[in-house]
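Peer 1: Pasting in a structure now, in structure tokens, and then I'll have a few things to ask.
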Amino acid sequence: MELDRNLRIEQVIEITTLSRTEIYRRIKAGLFPSQKRVSHKVAVWRASEIKAWHEAIFSA
């Protein structure tokens with residue numbers, strides 16, 4: 001069984017090449033996977049969700 005990694009915002013920016021502002025704009029518009037709160041200061045994204053989003057955008 002493969003575990004799904006959690007990615008911090010810096011890693012998501014590196015993978016997607018989107019700016020922090022653009023990521024949050026797309027989340028608000030429903031065009032990007034939303035983050036999950038780990039604590040009041042830490043948010044993470046599931047690596048599998050970012051990978052699926054990336055494949056959907058670049059396979060079109």
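Identifiers in this document derive from the order of the structure tokens: chains are assigned A, B, ..., residues are numbered from 1 separately in each chain, and ligands are numbered from 1 in order of occurrence.
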Could you give me, as a list in words, the residues within 9 Å of Ile15 of chain A, counting only C-alpha atoms and dropping anything in the same chain fewer than 3 positions from it?
Peer 2: Glu10, Gln11, Val12, Leu18, Ile50, Lys51 and His54 of chain A
Peer 1: List as a VMD selection string the protein and nucleic acid residues near Lys36 of chain A, meaning an atom at most 7 Å away when only C-alpha atoms are counted, but skip any in the same chain fewer than 4 places from it.
Peer 2: chain A and resid 43 to 45
Peer 1: Hey, what's within 10 Å of Glu49 of chain A if we count only C-alpha atoms and toss same-chain stuff fewer than 2 positions away? As a list of chain:residue names, please?
Peer 2: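 Using only C-alpha atoms, the neighbours found are A:Asp4, A:Asn6, A:Phe32, A:Pro33, A:Ser34, A:Gln35, A:Trp45, A:Arg46, A:Ala47, A:Lys51, A:Ala52, A:Trp53, A:His54, A:Glu55.
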Peer 1: Could you tell me how far atom CA of Ser59 of chain A sits from atom CA of Arg8 of chain A, in Å to one decimal place?
Peer 2: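 A separation of 24.4 Å between them.
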Peer 1: Distance atom CA of Ile9 of chain A-atom CA of Glu22 of chain A, one decimal place?
Peer 2: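 So the answer is 11.8 Å.
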Peer 1: Please report, as a compact mmCIF listing (two decimals) with N, CA, C and O atoms, in the first residue's frame, each residue of segment 1-38 of chain A to which DSSP assigns helix (DSSP H, G or I) when run on this structure's backbone.
Peer 2:
# COMPACT_ATOMS: atom_id res chain seq x y z
N ILE A 9 2.79 24.48 0.91
CA ILE A 9 2.57 25.45 -0.17
C ILE A 9 3.81 25.62 -1.03
O ILE A 9 3.71 25.73 -2.26
N GLU A 10 4.99 25.63 -0.44
CA GLU A 10 6.22 25.81 -1.21
C GLU A 10 6.40 24.68 -2.23
O GLU A 10 6.84 24.91 -3.35
N GLN A 11 6.06 23.47 -1.82
CA GLN A 11 6.18 22.33 -2.72
C GLN A 11 5.13 22.39 -3.83
O GLN A 11 5.42 22.06 -4.98
N VAL A 12 3.93 22.83 -3.49
CA VAL A 12 2.86 22.96 -4.49
C VAL A 12 3.24 24.02 -5.52
O VAL A 12 3.07 23.82 -6.72
N ILE A 13 3.82 25.12 -5.08
CA ILE A 13 4.28 26.17 -5.99
C ILE A 13 5.34 25.61 -6.93
O ILE A 13 5.29 25.86 -8.14
N GLU A 14 6.27 24.85 -6.41
CA GLU A 14 7.34 24.28 -7.23
C GLU A 14 6.79 23.30 -8.27
O GLU A 14 7.20 23.33 -9.43
N ILE A 15 5.86 22.46 -7.87
CA ILE A 15 5.29 21.46 -8.78
C ILE A 15 4.44 22.10 -9.86
O ILE A 15 4.54 21.75 -11.04
N THR A 16 3.60 23.05 -9.47
CA THR A 16 2.63 23.64 -10.41
C THR A 16 3.17 24.83 -11.18
O THR A 16 2.61 25.18 -12.21
N ARG A 20 1.69 31.74 -5.32
CA ARG A 20 0.84 31.53 -4.14
C ARG A 20 -0.52 32.20 -4.34
O ARG A 20 -1.56 31.60 -4.09
N THR A 21 -0.51 33.43 -4.84
CA THR A 21 -1.76 34.16 -5.08
C THR A 21 -2.63 33.45 -6.09
O THR A 21 -3.85 33.33 -5.89
N GLU A 22 -2.04 32.96 -7.17
CA GLU A 22 -2.81 32.28 -8.21
C GLU A 22 -3.41 30.97 -7.69
O GLU A 22 -4.53 30.61 -8.03
N ILE A 23 -2.67 30.26 -6.86
CA ILE A 23 -3.19 29.03 -6.27
C ILE A 23 -4.45 29.33 -5.47
O ILE A 23 -5.48 28.68 -5.64
N TYR A 24 -4.40 30.35 -4.61
CA TYR A 24 -5.56 30.68 -3.79
C TYR A 24 -6.71 31.24 -4.62
O TYR A 24 -7.88 30.99 -4.30
N ARG A 25 -6.41 31.97 -5.68
CA ARG A 25 -7.48 32.42 -6.60
C ARG A 25 -8.20 31.23 -7.22
O ARG A 25 -9.43 31.21 -7.33
N ARG A 26 -7.43 30.24 -7.66
CA ARG A 26 -8.03 29.07 -8.30
C ARG A 26 -8.79 28.21 -7.30
O ARG A 26 -9.81 27.62 -7.66
N ILE A 27 -8.33 28.13 -6.07
CA ILE A 27 -9.08 27.41 -5.04
C ILE A 27 -10.44 28.08 -4.85
O ILE A 27 -11.47 27.42 -4.83
N LYS A 28 -10.44 29.40 -4.73
CA LYS A 28 -11.68 30.15 -4.54
C LYS A 28 -12.64 29.96 -5.71
O LYS A 28 -13.85 29.87 -5.52
N ALA A 29 -12.10 29.84 -6.92
CA ALA A 29 -12.92 29.67 -8.12
C ALA A 29 -13.31 28.20 -8.33
O ALA A 29 -14.06 27.89 -9.26
